[in-house]
$ cat target_38.cif   # mmCIF, C-alpha atoms
data_input
loop_
_atom_site.label_atom_id
_atom_site.label_comp_id
_atom_site.auth_asym_id
_atom_site.auth_seq_id
_atom_site.Cartn_x
_atom_site.Cartn_y
_atom_site.Cartn_z
CA MET A 6 -20.39 -89.92 3.54
CA SER A 7 -20.32 -90.60 -0.17
CA SER A 8 -23.16 -92.36 -1.91
CA THR A 9 -20.66 -94.05 -4.20
CA GLY A 10 -18.90 -95.83 -1.36
CA THR A 11 -15.63 -93.96 -1.91
CA SER A 12 -13.83 -91.24 -0.01
CA THR A 13 -11.01 -88.81 -0.62
CA ILE A 14 -8.33 -87.15 1.47
CA ASP A 15 -7.03 -83.75 0.48
CA THR A 16 -3.25 -84.09 0.53
CA GLY A 17 -2.53 -80.70 -1.01
CA ASP A 18 -1.10 -82.37 -4.12
CA ALA A 19 -3.61 -85.01 -5.18
CA ALA A 20 -6.83 -86.76 -4.13
CA LEU A 21 -6.36 -90.29 -2.83
CA ALA A 22 -9.43 -92.38 -3.58
CA ALA A 23 -10.37 -95.33 -1.41
CA THR A 24 -11.23 -98.58 -3.17
CA SER A 25 -14.90 -99.48 -3.09
CA LEU A 26 -14.92 -102.50 -0.79
CA LEU A 27 -17.72 -103.75 1.46
CA ARG A 28 -17.11 -106.12 4.37
CA PHE A 29 -20.33 -107.76 5.49
CA ALA A 30 -21.46 -110.68 7.62
CA THR A 31 -24.48 -112.95 7.55
CA ALA A 32 -26.17 -114.11 10.75
CA GLY A 33 -29.39 -115.69 11.90
CA SER A 34 -30.85 -118.63 13.75
CA VAL A 35 -30.29 -122.29 12.86
CA ASP A 36 -31.70 -123.35 9.47
CA ASP A 37 -32.73 -119.82 8.50
CA GLY A 38 -30.82 -120.31 5.24
CA LYS A 39 -27.66 -118.23 5.65
CA SER A 40 -25.39 -120.53 3.67
CA THR A 41 -28.04 -120.97 0.98
CA LEU A 42 -28.33 -117.18 0.68
CA VAL A 43 -24.56 -116.83 0.34
CA GLY A 44 -24.46 -119.64 -2.22
CA ARG A 45 -27.27 -118.00 -4.17
CA LEU A 46 -25.43 -114.66 -4.11
CA LEU A 47 -22.26 -116.27 -5.42
CA HIS A 48 -24.08 -118.40 -8.01
CA ASP A 49 -26.43 -115.78 -9.43
CA SER A 50 -23.75 -113.08 -9.52
CA LYS A 51 -21.59 -115.52 -11.52
CA SER A 52 -18.89 -115.56 -8.84
CA VAL A 53 -18.58 -119.36 -8.76
CA LEU A 54 -15.95 -121.18 -10.79
CA THR A 55 -17.13 -124.04 -13.00
CA ASP A 56 -15.19 -126.68 -11.07
CA GLN A 57 -16.64 -125.42 -7.77
CA LEU A 58 -20.18 -125.69 -9.11
CA GLU A 59 -19.50 -129.17 -10.49
CA ALA A 60 -18.19 -130.29 -7.10
CA VAL A 61 -21.35 -128.99 -5.42
CA GLU A 62 -23.53 -130.75 -7.97
CA ARG A 63 -21.71 -134.05 -7.35
CA ALA A 64 -21.97 -133.68 -3.57
CA SER A 65 -25.67 -132.87 -3.87
CA LEU A 66 -26.33 -135.94 -6.00
CA ASP A 67 -24.43 -138.10 -3.49
CA ARG A 68 -26.84 -136.83 -0.82
CA GLY A 69 -29.87 -137.72 -2.96
CA GLN A 70 -30.77 -134.16 -3.93
CA ASP A 71 -32.09 -133.38 -7.39
CA ALA A 72 -30.85 -129.75 -7.49
CA PRO A 73 -27.47 -128.36 -6.40
CA ASP A 74 -27.37 -127.45 -2.71
CA LEU A 75 -25.86 -123.99 -2.92
CA ALA A 76 -25.16 -123.99 0.84
CA LEU A 77 -22.26 -126.34 0.10
CA LEU A 78 -20.43 -123.45 -1.56
CA THR A 79 -19.73 -122.06 1.92
CA ASP A 80 -20.02 -125.02 4.29
CA GLY A 81 -16.56 -126.37 3.65
CA LEU A 82 -15.86 -128.45 6.76
CA ARG A 83 -16.70 -132.15 6.56
CA ALA A 84 -18.70 -131.92 9.81
CA GLU A 85 -20.69 -129.03 8.35
CA ARG A 86 -21.63 -130.98 5.23
CA GLU A 87 -22.52 -134.12 7.19
CA GLN A 88 -24.76 -132.28 9.65
CA GLY A 89 -26.11 -129.66 7.25
CA ILE A 90 -25.12 -126.81 9.58
CA THR A 91 -22.54 -124.06 9.66
CA ILE A 92 -19.89 -124.37 12.40
CA ASP A 93 -17.01 -122.11 11.45
CA VAL A 94 -16.96 -118.63 9.94
CA ALA A 95 -16.64 -119.04 6.16
CA TYR A 96 -15.01 -116.10 4.39
CA ARG A 97 -15.69 -115.57 0.72
CA TYR A 98 -14.33 -112.96 -1.67
CA PHE A 99 -16.27 -111.93 -4.75
CA ALA A 100 -16.86 -108.88 -6.92
CA THR A 101 -19.39 -107.30 -9.24
CA PRO A 102 -18.75 -104.46 -11.68
CA ARG A 103 -19.88 -102.03 -8.98
CA ARG A 104 -18.07 -103.22 -5.83
CA ARG A 105 -15.75 -105.77 -4.24
CA PHE A 106 -16.94 -107.83 -1.25
CA ILE A 107 -15.49 -109.70 1.70
CA LEU A 108 -18.25 -111.88 3.16
CA ALA A 109 -18.29 -113.70 6.49
CA ASP A 110 -20.93 -116.44 6.71
CA THR A 111 -21.36 -117.02 10.46
CA PRO A 112 -22.99 -119.93 12.32
CA GLY A 113 -26.52 -119.87 13.67
CA HIS A 114 -26.24 -122.21 16.67
CA VAL A 115 -26.21 -120.51 20.07
CA GLN A 116 -22.91 -122.15 21.03
CA TYR A 117 -21.26 -120.59 18.00
CA THR A 118 -22.37 -117.02 18.68
CA ARG A 119 -18.72 -116.26 19.44
CA ASN A 120 -18.02 -116.88 15.73
CA MET A 121 -20.61 -114.25 14.84
CA VAL A 122 -18.71 -111.78 17.02
CA THR A 123 -15.55 -112.61 15.07
CA GLY A 124 -17.21 -112.24 11.68
CA ALA A 125 -19.03 -109.00 12.49
CA SER A 126 -16.18 -107.27 14.34
CA THR A 127 -14.84 -105.71 11.12
CA ALA A 128 -18.09 -105.68 9.16
CA GLU A 129 -19.67 -102.53 7.80
CA LEU A 130 -22.98 -104.31 7.20
CA ALA A 131 -24.72 -107.31 8.73
CA VAL A 132 -27.38 -109.40 7.02
CA VAL A 133 -29.64 -110.96 9.67
CA LEU A 134 -31.84 -113.74 8.31
CA VAL A 135 -35.22 -114.71 9.73
CA ASP A 136 -37.30 -117.72 8.74
CA ALA A 137 -40.66 -116.29 7.63
CA ARG A 138 -42.42 -119.22 9.33
CA ASN A 139 -40.80 -118.61 12.74
CA GLY A 140 -40.37 -114.85 12.88
CA VAL A 141 -38.04 -113.13 15.32
CA VAL A 142 -36.61 -115.64 17.81
CA GLU A 143 -34.12 -115.34 20.69
CA GLN A 144 -31.09 -115.93 18.46
CA THR A 145 -32.35 -113.21 16.10
CA ARG A 146 -32.45 -110.80 19.03
CA ARG A 147 -28.99 -111.92 20.15
CA HIS A 148 -27.51 -111.27 16.70
CA ALA A 149 -29.20 -107.87 16.56
CA ALA A 150 -27.68 -107.07 19.96
CA VAL A 151 -24.22 -108.18 18.81
CA ALA A 152 -24.52 -106.04 15.67
CA ALA A 153 -25.49 -103.03 17.80
CA LEU A 154 -22.76 -103.80 20.33
CA LEU A 155 -20.14 -103.90 17.58
CA ARG A 156 -21.49 -100.67 16.07
CA VAL A 157 -22.18 -102.22 12.67
CA PRO A 158 -23.59 -99.18 10.85
CA HIS A 159 -25.95 -100.99 8.44
CA VAL A 160 -28.22 -103.97 9.14
CA VAL A 161 -30.27 -105.83 6.52
CA LEU A 162 -33.20 -107.93 7.73
CA ALA A 163 -33.63 -110.70 5.14
CA VAL A 164 -36.96 -112.43 5.73
CA ASN A 165 -36.19 -115.76 4.09
CA LYS A 166 -38.31 -118.71 2.94
CA MET A 167 -41.11 -116.49 1.73
CA ASP A 168 -41.99 -119.29 -0.70
CA LEU A 169 -43.10 -121.37 2.30
CA VAL A 170 -45.63 -118.73 3.41
CA ASP A 171 -47.05 -118.16 -0.08
CA TYR A 172 -45.17 -114.87 -0.45
CA ARG A 173 -47.70 -113.10 1.80
CA GLU A 174 -46.99 -109.42 2.38
CA GLY A 175 -48.59 -109.46 5.83
CA VAL A 176 -46.13 -112.05 7.14
CA PHE A 177 -43.17 -109.98 5.97
CA ALA A 178 -44.62 -106.71 7.29
CA ALA A 179 -45.22 -108.11 10.79
CA ILE A 180 -41.68 -109.53 11.07
CA ALA A 181 -40.10 -106.37 9.68
CA ALA A 182 -42.01 -104.19 12.14
CA GLU A 183 -41.03 -106.33 15.16
CA PHE A 184 -37.35 -106.50 14.23
CA THR A 185 -37.10 -102.82 13.32
CA ARG A 186 -38.61 -101.82 16.65
CA TYR A 187 -36.26 -104.10 18.60
CA ALA A 188 -33.08 -103.14 16.70
CA GLY A 189 -34.03 -99.48 16.86
CA GLU A 190 -34.21 -99.67 20.67
CA LEU A 191 -30.68 -101.09 20.60
CA GLY A 192 -29.52 -98.07 18.62
CA VAL A 193 -28.93 -99.69 15.22
CA PRO A 194 -28.75 -96.61 12.95
CA GLU A 195 -30.04 -98.10 9.69
CA ILE A 196 -32.26 -101.13 9.05
CA THR A 197 -33.36 -102.32 5.62
CA ALA A 198 -35.92 -105.16 5.39
CA ILE A 199 -36.04 -107.35 2.25
CA PRO A 200 -38.36 -110.35 1.63
CA ILE A 201 -36.46 -113.19 -0.07
CA SER A 202 -36.40 -116.86 -0.95
CA ALA A 203 -32.77 -117.91 -1.06
CA LEU A 204 -33.72 -121.36 -2.34
CA GLN A 205 -35.76 -120.00 -5.25
CA GLY A 206 -33.65 -116.88 -5.83
CA ASP A 207 -36.40 -114.34 -5.14
CA ASN A 208 -35.01 -110.84 -4.42
CA VAL A 209 -31.46 -112.09 -3.86
CA VAL A 210 -29.83 -111.02 -7.12
CA THR A 211 -32.88 -110.61 -9.34
CA ALA A 212 -36.22 -109.06 -8.41
CA SER A 213 -39.07 -111.45 -7.66
CA ALA A 214 -42.11 -111.55 -9.91
CA ARG A 215 -44.00 -113.32 -7.11
CA MET A 216 -43.75 -110.39 -4.66
CA ASP A 217 -44.88 -107.48 -6.78
CA TRP A 218 -46.05 -105.75 -3.59
CA TYR A 219 -42.38 -105.17 -2.70
CA GLY A 220 -40.72 -102.24 -4.48
CA GLY A 221 -37.35 -102.08 -2.73
CA PRO A 222 -33.90 -103.30 -3.80
CA THR A 223 -32.73 -106.88 -4.01
CA VAL A 224 -30.07 -108.00 -1.55
CA LEU A 225 -27.27 -107.58 -4.10
CA GLU A 226 -28.56 -104.18 -5.23
CA HIS A 227 -28.49 -102.97 -1.65
CA LEU A 228 -25.01 -104.40 -1.06
CA GLU A 229 -23.75 -102.66 -4.18
CA THR A 230 -25.19 -99.26 -3.35
CA VAL A 231 -25.15 -98.88 0.44
CA PRO A 232 -22.76 -96.06 1.39
CA VAL A 233 -20.12 -97.49 3.70
CA SER A 234 -16.87 -95.60 3.23
CA HIS A 235 -16.09 -92.30 4.86
CA ASP A 236 -13.27 -89.82 5.08
CA PRO A 237 -10.73 -91.23 7.57
CA SER A 238 -9.54 -87.72 8.37
CA GLY A 239 -12.66 -87.38 10.52
CA ASP A 240 -11.53 -90.19 12.84
CA PRO A 241 -9.07 -89.77 15.71
CA ALA A 242 -5.58 -90.70 14.46
CA ARG A 243 -4.23 -93.76 16.27
CA PHE A 244 -1.04 -95.73 15.55
CA PRO A 245 -0.28 -98.80 17.72
CA VAL A 246 3.45 -99.55 17.49
CA GLN A 247 4.16 -103.12 16.41
CA TYR A 248 7.91 -103.04 15.89
CA VAL A 249 10.87 -100.69 16.31
CA ILE A 250 13.21 -100.63 13.28
CA ARG A 251 16.88 -99.91 14.00
CA PRO A 252 19.03 -101.18 11.05
CA GLN A 253 22.29 -99.67 12.42
CA THR A 254 23.98 -100.30 9.06
CA PRO A 255 26.66 -98.11 7.43
CA GLU A 256 23.97 -96.79 5.06
CA LEU A 257 21.45 -96.14 7.89
CA PRO A 258 23.46 -95.67 11.07
CA ASP A 259 20.92 -93.46 12.85
CA TYR A 260 17.63 -94.70 11.38
CA ARG A 261 14.90 -95.25 13.98
CA GLY A 262 11.41 -96.02 12.76
CA TYR A 263 8.21 -97.26 14.38
CA ALA A 264 6.34 -99.76 12.24
CA GLY A 265 2.69 -100.74 12.43
CA GLN A 266 -0.75 -100.37 10.92
CA ILE A 267 -2.65 -97.11 11.32
CA ALA A 268 -5.74 -98.07 13.30
CA SER A 269 -7.73 -94.95 12.45
CA GLY A 270 -7.39 -91.43 11.13
CA VAL A 271 -4.62 -89.73 9.17
CA PHE A 272 -0.96 -88.91 9.95
CA ARG A 273 1.03 -86.24 8.13
CA THR A 274 4.64 -85.14 8.30
CA GLY A 275 4.95 -82.22 10.68
CA ASP A 276 2.15 -83.42 12.97
CA ARG A 277 2.74 -82.95 16.70
CA ILE A 278 2.17 -86.30 18.41
CA THR A 279 2.00 -87.80 21.88
CA VAL A 280 3.32 -91.26 22.74
CA LEU A 281 1.04 -93.12 25.14
CA PRO A 282 1.05 -94.14 27.91
CA SER A 283 4.29 -92.20 28.65
CA GLY A 284 2.90 -88.86 27.47
CA ARG A 285 6.14 -87.86 25.70
CA THR A 286 5.68 -85.55 22.71
CA SER A 287 7.48 -85.14 19.40
CA THR A 288 6.89 -84.35 15.72
CA VAL A 289 6.39 -86.71 12.77
CA GLU A 290 9.59 -86.14 10.81
CA GLY A 291 8.86 -88.67 8.06
CA ILE A 292 6.55 -91.47 6.94
CA ASP A 293 7.81 -94.51 5.01
CA ALA A 294 5.32 -96.63 3.06
CA LEU A 295 6.28 -99.48 0.73
CA GLY A 296 9.90 -98.38 0.74
CA GLN A 297 9.12 -94.79 -0.22
CA SER A 298 8.83 -91.57 1.77
CA VAL A 299 5.33 -90.05 1.75
CA ASP A 300 3.81 -86.93 3.26
CA VAL A 301 0.51 -88.45 4.41
CA ALA A 302 -0.81 -91.89 5.39
CA TRP A 303 -4.21 -93.05 6.58
CA ALA A 304 -5.96 -96.10 8.01
CA PRO A 305 -5.60 -98.98 7.40
CA GLN A 306 -2.18 -98.50 5.76
CA SER A 307 0.89 -100.20 7.22
CA VAL A 308 3.69 -97.65 7.50
CA THR A 309 6.78 -96.67 9.46
CA LEU A 310 6.75 -93.37 11.34
CA ARG A 311 9.98 -91.45 11.99
CA LEU A 312 9.98 -88.91 14.80
CA ALA A 313 12.11 -85.81 15.30
CA ASP A 314 13.16 -86.87 18.82
CA ASP A 315 14.74 -90.06 20.13
CA LEU A 316 12.11 -91.32 22.55
CA ASP A 317 11.86 -94.56 24.48
CA ILE A 318 9.13 -96.22 22.40
CA SER A 319 8.46 -99.95 22.21
CA ARG A 320 5.86 -102.42 20.96
CA GLY A 321 2.50 -101.73 22.54
CA ASP A 322 2.86 -97.96 22.73
CA LEU A 323 0.27 -95.82 20.97
CA ILE A 324 1.08 -92.74 18.89
CA ALA A 325 -1.71 -90.14 18.70
CA PRO A 326 -2.04 -86.44 17.81
CA ALA A 327 -0.95 -84.20 20.67
CA GLN A 328 -4.20 -82.24 20.53
CA ALA A 329 -6.49 -85.30 20.22
CA SER A 330 -4.98 -88.02 22.38
CA VAL A 331 -6.71 -90.21 24.94
CA ARG A 332 -5.94 -90.25 28.67
CA PRO A 333 -4.45 -93.60 29.77
CA SER A 334 -6.18 -95.24 32.72
CA GLN A 335 -5.93 -98.42 34.78
CA ASP A 336 -9.69 -98.46 35.33
CA GLN A 337 -11.92 -99.53 32.47
CA THR A 338 -15.69 -99.99 32.24
CA ALA A 339 -16.94 -101.80 29.17
CA THR A 340 -19.72 -103.84 27.63
CA VAL A 341 -18.56 -107.33 26.75
CA CYS A 342 -19.71 -110.43 24.94
CA HIS A 343 -18.50 -113.52 26.78
CA VAL A 344 -17.43 -116.19 24.28
CA ALA A 345 -15.80 -118.91 26.41
CA ASP A 346 -17.38 -121.97 28.02
CA ARG A 347 -15.72 -121.03 31.31
CA PRO A 348 -17.76 -118.35 33.17
CA LEU A 349 -16.33 -114.91 33.87
CA LYS A 350 -16.59 -113.88 37.53
CA PRO A 351 -15.58 -110.92 39.69
CA GLY A 352 -12.06 -111.46 40.99
CA ASP A 353 -10.89 -113.38 37.90
CA ARG A 354 -7.29 -112.72 36.87
CA VAL A 355 -7.06 -112.27 33.13
CA LEU A 356 -4.85 -110.83 30.43
CA LEU A 357 -6.20 -107.81 28.55
CA LYS A 358 -5.05 -107.44 24.92
CA HIS A 359 -5.52 -103.96 23.52
CA ALA A 360 -4.12 -103.24 20.05
CA THR A 361 -0.48 -104.39 20.28
CA ARG A 362 -0.19 -104.36 24.10
CA THR A 363 -1.11 -107.18 26.51
CA VAL A 364 -1.25 -106.55 30.27
CA LYS A 365 -2.51 -108.27 33.41
CA ALA A 366 -5.96 -107.31 34.65
CA ILE A 367 -8.54 -108.16 37.31
CA VAL A 368 -12.30 -108.32 36.86
CA LYS A 369 -13.37 -106.00 39.67
CA ASP A 370 -17.12 -106.20 39.13
CA ILE A 371 -19.89 -107.39 36.79
CA PRO A 372 -22.62 -104.79 37.43
CA SER A 373 -25.21 -106.12 35.00
CA ARG A 374 -26.18 -108.55 32.25
CA LEU A 375 -28.37 -107.67 29.28
CA THR A 376 -31.73 -109.42 29.12
CA LEU A 377 -32.48 -109.98 25.45
CA ASP A 378 -36.26 -110.24 25.74
CA ASP A 379 -36.90 -106.68 26.94
CA LEU A 380 -33.39 -105.12 26.77
CA SER A 381 -33.39 -104.56 30.53
CA GLN A 382 -30.24 -104.81 32.61
CA HIS A 383 -30.23 -107.70 35.09
CA PRO A 384 -28.31 -106.29 38.08
CA VAL A 385 -25.41 -108.09 39.76
CA PRO A 386 -25.64 -111.38 37.83
CA GLY A 387 -22.61 -112.81 39.65
CA GLU A 388 -21.04 -114.16 36.46
CA LEU A 389 -21.24 -114.13 32.69
CA VAL A 390 -21.59 -117.43 30.84
CA ALA A 391 -21.07 -118.21 27.16
CA ASN A 392 -22.92 -115.78 24.84
CA ASP A 393 -23.90 -113.42 27.66
CA ILE A 394 -23.65 -109.67 27.04
CA GLY A 395 -22.94 -107.63 30.14
CA ARG A 396 -21.08 -104.76 31.76
CA VAL A 397 -17.72 -105.29 33.47
CA VAL A 398 -15.36 -103.15 35.54
CA LEU A 399 -11.66 -103.91 35.07
CA ARG A 400 -8.42 -102.86 36.74
CA THR A 401 -5.25 -103.24 34.67
CA ALA A 402 -1.65 -103.55 35.82
CA GLU A 403 -0.63 -100.70 33.52
CA ALA A 404 -2.46 -97.61 32.32
CA LEU A 405 -3.92 -98.16 28.84
CA PRO A 406 -4.98 -95.53 26.27
CA ILE A 407 -8.34 -97.10 25.39
CA ASP A 408 -10.78 -94.98 23.37
CA ALA A 409 -14.54 -95.21 23.73
CA TYR A 410 -15.72 -97.85 21.26
CA ALA A 411 -18.19 -95.31 19.86
CA ASP A 412 -15.22 -93.18 18.77
CA SER A 413 -12.98 -95.95 17.43
CA ARG A 414 -13.86 -99.59 16.78
CA ARG A 415 -10.15 -100.47 16.57
CA THR A 416 -8.72 -98.78 19.65
CA GLY A 417 -11.93 -98.97 21.68
CA SER A 418 -11.99 -102.77 21.65
CA PHE A 419 -10.04 -105.38 23.56
CA LEU A 420 -9.92 -109.08 24.41
CA LEU A 421 -9.80 -110.78 27.79
CA ILE A 422 -7.59 -113.87 27.70
CA ASP A 423 -7.10 -116.77 30.12
CA PRO A 424 -3.49 -116.39 31.39
CA ALA A 425 -3.21 -120.13 31.98
CA ASP A 426 -3.84 -121.44 28.47
CA GLY A 427 -4.28 -118.39 26.20
CA THR A 428 -7.98 -119.03 25.55
CA THR A 429 -10.00 -116.00 24.49
CA LEU A 430 -12.63 -115.39 27.16
CA THR A 431 -14.38 -112.17 26.28
CA ALA A 432 -14.63 -109.52 23.58
CA GLY A 433 -14.90 -106.05 25.11
CA MET A 434 -16.08 -102.65 23.88
CA ALA A 435 -15.05 -99.72 26.06
CA GLY A 436 -17.60 -97.17 27.18
CA ASP A 437 -21.34 -97.19 26.48
CA ALA A 438 -22.09 -99.96 24.02
CA PHE A 439 -25.55 -99.19 22.72
CA ALA A 440 -26.23 -95.82 21.14
CA GLU A 441 -29.66 -95.27 22.69
CA ALA A 442 -30.67 -98.17 24.89
CA ALA A 443 -27.73 -98.69 27.27
CA ARG A 444 -28.85 -97.75 30.75
CA ASP A 445 -26.49 -96.24 33.27
CA VAL A 446 -25.26 -98.84 35.72
CA LYS A 447 -23.64 -97.85 38.98
CA GLU A 448 -20.02 -99.07 39.13
CA ALA A 449 -19.03 -100.83 42.32
CA GLU A 450 -15.71 -102.07 43.59
CA ALA A 451 -15.53 -105.82 44.05
CA ALA A 452 -14.11 -107.16 47.28
CA ALA A 453 -11.69 -109.39 45.39
CA ASP A 454 -8.51 -110.71 46.92
CA ASP A 455 -5.75 -109.03 44.91
CA GLU A 456 -2.87 -110.90 46.51
CA GLY A 457 -0.14 -111.56 43.95
CA TRP A 458 -1.66 -109.05 41.52
CA ASP A 459 -1.10 -105.88 43.57
CA PHE A 460 -1.86 -102.95 41.29
#
$ encode --input "target_38.cif" --output "structure tokens"
Amino acid sequence: MSSTGTSTIDTGDAALAATSLLRFATAGSVDDGKSTLVGRLLHDSKSVLTDQLEAVERASLDRGQDAPDLALLTDGLRAEREQGITIDVAYRYFATPRRRFILADTPGHVQYTRNMVTGASTAELAVVLVDARNGVVEQTRRHAAVAALLRVPHVVLAVNKMDLVDYREGVFAAIAAEFTRYAGELGVPEITAIPISALQGDNVVTASARMDWYGGPTVLEHLETVPVSHDPSGDPARFPVQYVIRPQTPELPDYRGYAGQIASGVFRTGDRITVLPSGRTSTVEGIDALGQSVDVAWAPQSVTLRLADDLDISRGDLIAPAQASVRPSQDQTATVCHVADRPLKPGDRVLLKHATRTVKAIVKDIPSRLTLDDLSQHPVPGELVANDIGRVVLRTAEALPIDAYADSRRTGSFLLIDPADGTTLTAGMAGDAFAEAARDVKEAEAAADDEGWDF
């Protein structure tokens, strides 16, 4: 891992440098100040256009506020502004001389935890805010669990509203110790605690003169310097096929290419590959990227692979190295976060979407549900309701090449979908979810009636 946030791949001819880009999400309980923190980041890093700031100033005056409400820079929905809360995930793009950022400001209300799952699913860092007056609350623990579940490698604990507790070091130290202990038990690999006041600007972009007892980085300094990129050649190469290209024109009568986005790892011409779930093997004869032939491609590039053999390959198939493929299976055990209002129960018929393939599936069993207070597993809960995190056992109509989520966030994840209306029910992570704290749960077969879904 590079401390500069960049990585290189040795192609034999030249080094290909990855752009320094950080995807991060903010989370926390209601009124902890997430949107204000984001607004302060954008404002103090001079990432706000003049007309945007003027619009915020006008809206703030209309609401009887003397100073601009920086939370309005992210709360864009009318309902959000009227209620003073965040409902939808707000994505913002900004840059400093040191790094580019894609930020997801996620809601704090319990019923919108599903939006936090969406925002953090691709994040390399999560900023979890805590109100210094309230400390660690249930929603704080839930967001820490989601960050651990999604394998977010870096977590920042931002203890906000320090101005309301007279900037006392003891308050910050107690909250930081409690959160660090809890997140550490979940297996979060790196936790950085920073005392801030988003409203006053303390330790957000500039260091605070009112907390001289703190000698660490500001939020922006940490975002600019945290090492997030790595060499993709260390990841298992995975290529979900999205589309088969057969021009059949006089210029390209025999062209057959398989288009898609590389989910992880690196592909090179000459690589021996396996097509899953069929298990057929071939060799990468060529790689086309942006209309040109290249010798190497890596995640997350969108390319077209050409193989030496004419194989029966269609959308939903997965191309992987012959020596490092994954065994397809109809039986899957995973940790899931249930995001729908409708409960998930054993025996439910669902659709499982993995990469570019969607198949029928049955929920065979729900062995346990995570208890957030003490991280224990509540056995045989009977169902999962909205925002629950639990273990599920699934049986799919077709064998799927699903990696362990610990090995690949892209090909180790899936969605469960309601086949009746297409509603997303559950976000799933295959294999053991938590690095250290997940306890082994005995898998049991559910006595579900499989009539009509016989597989």
$ residues_around --input "target_38.cif" --residues "Gly296 (chain A)" --least-positions-apart "4" --cutoff "10 Å" --atoms "all atoms listed in the file" --output "list in words"
Ile292, Val308 and Thr309 of chain A
$ resolve_selection --input "target_38.cif" --expression "the PyMOL selection byres ((chain A and resi 217) around 12)" --output "PyMOL selection string"
chain A and resi 172-174+200+207-208+212-216+218-221
$ atom_distance --input "target_38.cif" --atom1 "CA of Gln335 (chain A)" --atom2 "CA of Ala153 (chain A)"
26.3 Å
$ residues_around --input "target_38.cif" --residues "Phe106 (chain A)" --least-positions-apart "3" --cutoff "7 Å" --atoms "all atoms listed in the file" --output "list of chain:residue names"
A:Leu26, A:Leu27, A:Arg28, A:Tyr98, A:Phe99, A:Ala100
$ write_last_selection --input "target_38.cif" --atoms "C-alpha atoms" --output "short mmCIF file (atom, residue, chain, number, x, y, z; two decimals), keeping the file's coordinate frame"
data_model
loop_
_atom_site.label_atom_id
_atom_site.label_comp_id
_atom_site.auth_asym_id
_atom_site.auth_seq_id
_atom_site.Cartn_x
_atom_site.Cartn_y
_atom_site.Cartn_z
CA LEU A 26 -14.92 -102.50 -0.79
CA LEU A 27 -17.72 -103.75 1.46
CA ARG A 28 -17.11 -106.12 4.37
CA TYR A 98 -14.33 -112.96 -1.67
CA PHE A 99 -16.27 -111.93 -4.75
CA ALA A 100 -16.86 -108.88 -6.92
#
$ residues_around --input "target_38.cif" --residues "Ala329 (chain A)" --least-positions-apart "4" --cutoff "8 Å" --atoms "only C-alpha atoms" --output "MDAnalysis selection string"
chainID A and resid 241:242 325
$ residues_around --input "target_38.cif" --residues "Gly284 (chain A)" --least-positions-apart "2" --cutoff "12 Å" --atoms "only C-alpha atoms" --output "ChimeraX atom specification"
/A:278-282,286-287,316-318,322-328,330-333,404-406
$ resolve_selection --input "target_38.cif" --expression "the PyMOL selection byres ((chain A and resi 377) around 10)" --output "PDB file with C-alpha atoms, in the coordinates of the input"
ATOM      1  CA  GLU A 143     -34.120-115.340  20.690  1.00  0.00           C
ATOM      2  CA  GLN A 144     -31.090-115.930  18.460  1.00  0.00           C
ATOM      3  CA  THR A 145     -32.350-113.210  16.100  1.00  0.00           C
ATOM      4  CA  ARG A 146     -32.450-110.800  19.030  1.00  0.00           C
ATOM      5  CA  ARG A 147     -28.990-111.920  20.150  1.00  0.00           C
ATOM      6  CA  ALA A 149     -29.200-107.870  16.560  1.00  0.00           C
ATOM      7  CA  ALA A 150     -27.680-107.070  19.960  1.00  0.00           C
ATOM      8  CA  TYR A 187     -36.260-104.100  18.600  1.00  0.00           C
ATOM      9  CA  ARG A 374     -26.180-108.550  32.250  1.00  0.00           C
ATOM     10  CA  LEU A 375     -28.370-107.670  29.280  1.00  0.00           C
ATOM     11  CA  THR A 376     -31.730-109.420  29.120  1.00  0.00           C
ATOM     12  CA  ASP A 378     -36.260-110.240  25.740  1.00  0.00           C
ATOM     13  CA  ASP A 379     -36.900-106.680  26.940  1.00  0.00           C
ATOM     14  CA  LEU A 380     -33.390-105.120  26.770  1.00  0.00           C
ATOM     15  CA  SER A 381     -33.390-104.560  30.530  1.00  0.00           C
ATOM     16  CA  GLN A 382     -30.240-104.810  32.610  1.00  0.00           C
ATOM     17  CA  ASP A 393     -23.900-113.420  27.660  1.00  0.00           C
ATOM     18  CA  ILE A 394     -23.650-109.670  27.040  1.00  0.00           C
TER      19      ILE A 394
END
$ resolve_selection --input "target_38.cif" --expression "the PyMOL selection byres ((chain A and resi 177) around 9)" --output "list of chain:residue names"
A:Ala137, A:Gly140, A:Val164, A:Met167, A:Tyr172, A:Arg173, A:Glu174, A:Gly175, A:Val176, A:Ala178, A:Ala179, A:Ile180, A:Ala181, A:Ala182, A:Ala198, A:Ile199, A:Pro200
$ atom_distance --input "target_38.cif" --atom1 "CA of Leu169 (chain A)" --atom2 "CA of Glu183 (chain A)"
19.9 Å
